[in-house]
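One structure below.
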Amino acid sequence: MTMKKPLMTFLAGALCTLCGCQLWNSKPDVRYVDEFDLAGAVSGYGATTRACKSVAGNPLTLNGKVYARGFGDHPESALAFTADGKVEAFEATVGIDDDTKADKEYYGKPTGEFRVWADGRIVWRSGFMRPGDEPKAVRAELAGAKEIVLESTTAPGWSDCHRVHADWADARFV
């Protein structure tokens with residue numbers, strides 16, 4: 001005896017609902033950082049962390065690619081979230097915004113680093129990045145984390161840090 005596909009799908013779904021498992025084709029919940037109130041973010045040089053824009057108010061742009069989602073800040077910056085163990089991961093594409101390259105007056109080497117913290121420890125870091133570097137993909141595992149901090153910072157020493165515009169493009173929690 002064979003079952004028809006719709007009936008099999010229904011039975012599999014019912015079984016998973018009863019057992020608390022996920023169907024193999026279900027997608028995880030995603031919340032973009034720009035959906036949250038960013039007013040409590042700390043951003044360097046008196047700048048404002050901006051949803052869906054660079055810290056200069058321009059579209060988020062990394063090496064010519066424009067991103068519709070995410071946020072821009074200015075190192076030294078931190079954006080904290082209480083997760084209570086309900087977040088599996090953080091994903092984004094990070095880099096120094098192209099509007100930094102447009103500023104011909106910088107006189108050092110604008111350099112920034114992106115870090116993801118979970119419960120007081122660094123779980124992902126970009127390494128130091130400069131204007132024009134290839135953006136980096138972030139996937140930070142956060143299962144069980146109670147507190148999450150997204151941080152951008154500048155290189156030690158002389159780095160013309162006031163010119164660093166840090167973008168967290170497509171920043172989201174899974």
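Identifiers in the structure tokens: chain A, B, ... in order shown; residue index from 1 per chain; ligand index from 1 in order shown.
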Residue list (helix (DSSP H, G or I), DSSP) for range 12-168 of chain A, as an mmCIF file with C-alpha atoms, in the first residue's frame:
```cif
data_model
loop_
_atom_site.group_PDB
_atom_site.id
_atom_site.type_symbol
_atom_site.label_atom_id
_atom_site.label_comp_id
_atom_site.auth_asym_id
_atom_site.auth_seq_id
_atom_site.Cartn_x
_atom_site.Cartn_y
_atom_site.Cartn_z
ATOM 1 C CA ALA A 12 5.302 13.915 8.921
ATOM 2 C CA GLY A 13 4.268 17.417 9.975
ATOM 3 C CA ALA A 14 1.864 16.085 12.600
ATOM 4 C CA LEU A 15 4.539 13.754 14.001
ATOM 5 C CA CYS A 16 7.093 16.571 14.176
ATOM 6 C CA THR A 17 4.585 18.845 15.900
ATOM 7 C CA LEU A 18 3.917 16.189 18.528
ATOM 8 C CA CYS A 19 7.618 15.400 19.020
ATOM 9 C CA VAL A 33 19.232 43.992 13.578
ATOM 10 C CA ASP A 34 17.765 47.037 11.813
ATOM 11 C CA GLU A 35 14.313 45.936 13.091
ATOM 12 C CA GLY A 44 32.383 56.704 18.503
ATOM 13 C CA TYR A 45 32.995 60.390 17.782
ATOM 14 C CA GLY A 46 29.461 61.278 18.831
ATOM 15 C CA ASP A 98 32.962 52.979 0.570
ATOM 16 C CA ASP A 99 32.158 56.488 1.807
ATOM 17 C CA THR A 100 35.443 56.284 3.758
ATOM 18 C CA LYS A 101 37.367 55.923 0.462
ATOM 19 C CA CYS A 161 40.250 56.169 13.343
ATOM 20 C CA HIS A 162 37.897 59.126 12.903
ATOM 21 C CA ARG A 163 37.552 58.147 9.209
#
```
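Every protein, DNA or RNA residue with an atom at most 6 Å from Trp117 in chain A, where only C-alpha atoms count and chain neighbours fewer than 6 positions away do not, is listed here: Val123, Ile148 and Val149 of chain A.
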Worksheet item: Leaving out Ala80 in chain A and any residue of its chain fewer than 4 positions from it, which residues lie within 9 Å of it when counting only C-alpha atoms, given as a PyMOL selection string?
Response: chain A and resi 40-41+147-151
Practice prompt. Just the residues within 8 Å of Phe90 in chain A, please, counting only C-alpha atoms, with nothing from its chain fewer than 2 positions along; format it as a PyMOL selection string.
Written response: chain A and resi 87-88+92+138-142+171-174
Writing out the chosen residues with N, CA, C and O atoms as a short mmCIF file (atom, residue, chain, number, x, y, z; two decimals), in the first residue's frame:
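To be explicit, this is the file written out as selection09.cif:
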```cif
data_model
loop_
_atom_site.label_atom_id
_atom_site.label_comp_id
_atom_site.auth_asym_id
_atom_site.auth_seq_id
_atom_site.Cartn_x
_atom_site.Cartn_y
_atom_site.Cartn_z
N VAL A 87 18.92 32.53 20.75
CA VAL A 87 19.51 32.82 19.44
C VAL A 87 20.54 31.74 19.11
O VAL A 87 21.39 31.42 19.93
N GLU A 88 20.45 31.21 17.90
CA GLU A 88 21.40 30.18 17.47
C GLU A 88 22.68 30.77 16.90
O GLU A 88 23.76 30.25 17.10
N ALA A 92 26.15 38.14 9.09
CA ALA A 92 26.25 39.46 8.45
C ALA A 92 27.37 39.44 7.43
O ALA A 92 28.09 38.46 7.28
N VAL A 138 30.17 36.87 8.15
CA VAL A 138 30.14 36.53 9.56
C VAL A 138 29.15 35.39 9.77
O VAL A 138 28.03 35.44 9.28
N ARG A 139 29.56 34.41 10.52
CA ARG A 139 28.66 33.39 11.05
C ARG A 139 29.20 33.07 12.44
O ARG A 139 30.21 32.37 12.59
N ALA A 140 28.56 33.64 13.46
CA ALA A 140 28.98 33.43 14.85
C ALA A 140 27.95 32.55 15.53
O ALA A 140 26.77 32.90 15.58
N GLU A 141 28.40 31.41 16.04
CA GLU A 141 27.51 30.49 16.75
C GLU A 141 27.22 31.06 18.14
O GLU A 141 28.14 31.41 18.87
N LEU A 142 25.93 31.15 18.49
CA LEU A 142 25.53 31.79 19.74
C LEU A 142 24.60 30.93 20.59
O LEU A 142 24.00 31.44 21.55
N ALA A 171 22.86 42.29 8.64
CA ALA A 171 23.05 41.80 10.02
C ALA A 171 21.76 41.20 10.55
O ALA A 171 20.71 41.85 10.54
N ARG A 172 21.85 39.94 11.01
CA ARG A 172 20.64 39.24 11.46
C ARG A 172 20.95 38.17 12.49
O ARG A 172 22.04 37.60 12.53
N PHE A 173 19.95 37.91 13.33
CA PHE A 173 20.01 36.83 14.30
C PHE A 173 19.16 35.67 13.79
O PHE A 173 18.08 35.88 13.25
N VAL A 174 19.67 34.47 13.95
CA VAL A 174 18.93 33.26 13.54
C VAL A 174 18.55 32.51 14.81
O VAL A 174 19.36 32.34 15.69
#
```
Env of Glu76 in chain A: 8 Å cut, atoms = only C-alpha atoms, seq-sep filter 5 positions within chain, self excluded. Answer as a compact mmCIF listing (two decimals) with C-alpha atoms, in the first residue's frame.
```txt
# COMPACT_ATOMS: atom_id res chain seq x y z
CA VAL A 42 27.24 53.44 21.61
CA SER A 43 29.05 54.87 18.59
CA GLY A 44 32.38 56.70 18.50
CA GLU A 151 31.47 45.74 18.50
CA SER A 152 33.55 47.70 16.04
CA THR A 153 36.93 48.98 17.09
CA THR A 154 40.01 50.53 15.51
```
Practice prompt. Extract, using only C-alpha atoms, all DNA, RNA and protein residues at most 10 Å from Leu60 in chain A, discarding same-chain residues fewer than 4 positions from it, and format them as a ChimeraX atom specification.
Written response: /A:50-56,64-72,95-99,165-170
Writing out the chosen residues with N, CA and C atoms as an mmCIF file, in the first residue's frame:
```
data_model
loop_
_atom_site.group_PDB
_atom_site.id
_atom_site.type_symbol
_atom_site.label_atom_id
_atom_site.label_comp_id
_atom_site.auth_asym_id
_atom_site.auth_seq_id
_atom_site.Cartn_x
_atom_site.Cartn_y
_atom_site.Cartn_z
ATOM 1 N N ARG A 50 23.188 53.978 12.642
ATOM 2 C CA ARG A 50 22.038 54.153 11.754
ATOM 3 C C ARG A 50 21.565 52.838 11.152
ATOM 4 N N ALA A 51 20.253 52.618 11.202
ATOM 5 C CA ALA A 51 19.657 51.442 10.562
ATOM 6 C C ALA A 51 19.619 51.661 9.055
ATOM 7 N N CYS A 52 20.096 50.679 8.316
ATOM 8 C CA CYS A 52 20.042 50.646 6.853
ATOM 9 C C CYS A 52 20.831 51.768 6.179
ATOM 10 N N LYS A 53 21.746 52.400 6.901
ATOM 11 C CA LYS A 53 22.581 53.470 6.338
ATOM 12 C C LYS A 53 23.964 53.419 6.963
ATOM 13 N N SER A 54 24.937 53.999 6.265
ATOM 14 C CA SER A 54 26.270 54.143 6.861
ATOM 15 C C SER A 54 26.187 55.212 7.943
ATOM 16 N N VAL A 55 27.226 55.312 8.730
ATOM 17 C CA VAL A 55 27.243 56.315 9.792
ATOM 18 C C VAL A 55 27.187 57.732 9.208
ATOM 19 N N ALA A 56 27.573 57.895 7.935
ATOM 20 C CA ALA A 56 27.506 59.200 7.270
ATOM 21 C C ALA A 56 26.127 59.462 6.651
ATOM 22 N N GLY A 64 31.450 48.684 -3.684
ATOM 23 C CA GLY A 64 30.517 48.948 -4.774
ATOM 24 C C GLY A 64 29.179 48.251 -4.666
ATOM 25 N N LYS A 65 29.032 47.306 -3.754
ATOM 26 C CA LYS A 65 27.753 46.613 -3.587
ATOM 27 C C LYS A 65 26.939 47.312 -2.507
ATOM 28 N N VAL A 66 25.701 47.665 -2.846
ATOM 29 C CA VAL A 66 24.811 48.347 -1.916
ATOM 30 C C VAL A 66 23.940 47.306 -1.209
ATOM 31 N N TYR A 67 23.810 47.448 0.087
ATOM 32 C CA TYR A 67 23.006 46.544 0.903
ATOM 33 C C TYR A 67 21.807 47.302 1.465
ATOM 34 N N ALA A 68 20.641 46.710 1.387
ATOM 35 C CA ALA A 68 19.416 47.351 1.868
ATOM 36 C C ALA A 68 19.232 47.194 3.370
ATOM 37 N N ARG A 69 19.785 46.129 3.950
ATOM 38 C CA ARG A 69 19.586 45.836 5.377
ATOM 39 C C ARG A 69 20.907 45.957 6.112
ATOM 40 N N GLY A 70 20.799 46.169 7.423
ATOM 41 C CA GLY A 70 21.970 46.227 8.282
ATOM 42 C C GLY A 70 22.047 47.543 9.018
ATOM 43 N N PHE A 71 23.258 47.893 9.446
ATOM 44 C CA PHE A 71 23.443 49.173 10.146
ATOM 45 C C PHE A 71 24.895 49.624 10.005
ATOM 46 N N GLY A 72 25.083 50.929 10.148
ATOM 47 C CA GLY A 72 26.418 51.504 10.104
ATOM 48 C C GLY A 72 26.736 52.177 11.423
ATOM 49 N N GLY A 95 32.405 45.236 6.701
ATOM 50 C CA GLY A 95 33.498 45.909 6.019
ATOM 51 C C GLY A 95 33.460 47.402 6.281
ATOM 52 N N ILE A 96 34.480 48.086 5.770
ATOM 53 C CA ILE A 96 34.574 49.535 5.899
ATOM 54 C C ILE A 96 33.833 50.152 4.713
ATOM 55 N N ASP A 97 32.871 51.016 5.001
ATOM 56 C CA ASP A 97 32.006 51.581 3.968
ATOM 57 C C ASP A 97 32.801 52.355 2.927
ATOM 58 N N ASP A 98 32.322 52.268 1.683
ATOM 59 C CA ASP A 98 32.962 52.979 0.570
ATOM 60 C C ASP A 98 33.005 54.491 0.781
ATOM 61 N N ASP A 99 32.102 55.042 1.608
ATOM 62 C CA ASP A 99 32.158 56.488 1.807
ATOM 63 C C ASP A 99 33.431 56.920 2.525
ATOM 64 N N HIS A 165 34.250 54.066 8.890
ATOM 65 C CA HIS A 165 32.797 53.900 8.895
ATOM 66 C C HIS A 165 32.522 52.413 8.747
ATOM 67 N N ALA A 166 32.100 51.791 9.858
ATOM 68 C CA ALA A 166 31.933 50.334 9.922
ATOM 69 C C ALA A 166 30.517 49.945 9.531
ATOM 70 N N ASP A 167 30.386 49.044 8.562
ATOM 71 C CA ASP A 167 29.069 48.553 8.125
ATOM 72 C C ASP A 167 28.877 47.088 8.514
ATOM 73 N N TRP A 168 27.710 46.811 9.053
ATOM 74 C CA TRP A 168 27.258 45.459 9.367
ATOM 75 C C TRP A 168 26.095 45.187 8.418
ATOM 76 N N ALA A 169 26.393 44.800 7.203
ATOM 77 C CA ALA A 169 25.371 44.613 6.177
ATOM 78 C C ALA A 169 24.636 43.288 6.367
ATOM 79 N N ASP A 170 23.340 43.292 6.095
ATOM 80 C CA ASP A 170 22.490 42.100 6.243
ATOM 81 C C ASP A 170 22.630 41.470 7.623
#
```
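Counting only C-alpha atoms, the residue from A:Arg115, A:Lys86, A:Arg121, A:Lys136 that sits nearest to Pro28 in chain A is A:Lys86.
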Item to complete: Taking the DSSP assignment computed from this structure's backbone, write out as JSON, numbers by chain all residues of range 61-161 of chain A that belong to strand (DSSP E or B).
Response: {"A": [61, 62, 65, 66, 67, 70, 71, 72, 73, 77, 78, 79, 80, 81, 82, 89, 90, 91, 92, 93, 94, 95, 96, 112, 113, 114, 115, 116, 117, 118, 121, 122, 123, 124, 125, 129, 136, 137, 138, 139, 140, 141, 147, 148, 149, 150, 151, 152, 153, 154]}
Practice prompt. Please measure the separation of CA of Phe128 in chain A and CA of Lys109 in chain A, giving the value in Å to one decimal.
Written response: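 One can read the CA of Phe128 in chain A to CA of Lys109 in chain A distance as 11.0 Å.
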Item to complete: Return the single residue from A:Val30, A:Leu38, A:Ala143, A:Ala47 that is closest to Val164 in chain A, with distances computed using only C-alpha atoms.
Response: A:Ala47
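Take the candidates A:Arg31, A:Pro75, A:Pro135, A:Thr61 and check each one against Thr49 in chain A using only C-alpha atoms; the shortest distance goes to A:Pro75.
Taking only C-alpha atoms into account, Asp133 in chain A lies nearest to A:Val94 out of the set A:Val94, A:Ala89, A:Ala83, A:Ala118.
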Worksheet entry | For Trp124 in chain A, the nearest of the candidates A:Thr48, A:Asp73, A:Glu91, A:Thr111, counting only C-alpha atoms |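 The closest residue to Trp124 in chain A is A:Glu91.
In this model, the gap between CA of Gly57 in chain A and CA of Gly127 in chain A comes to 25.1 Å.
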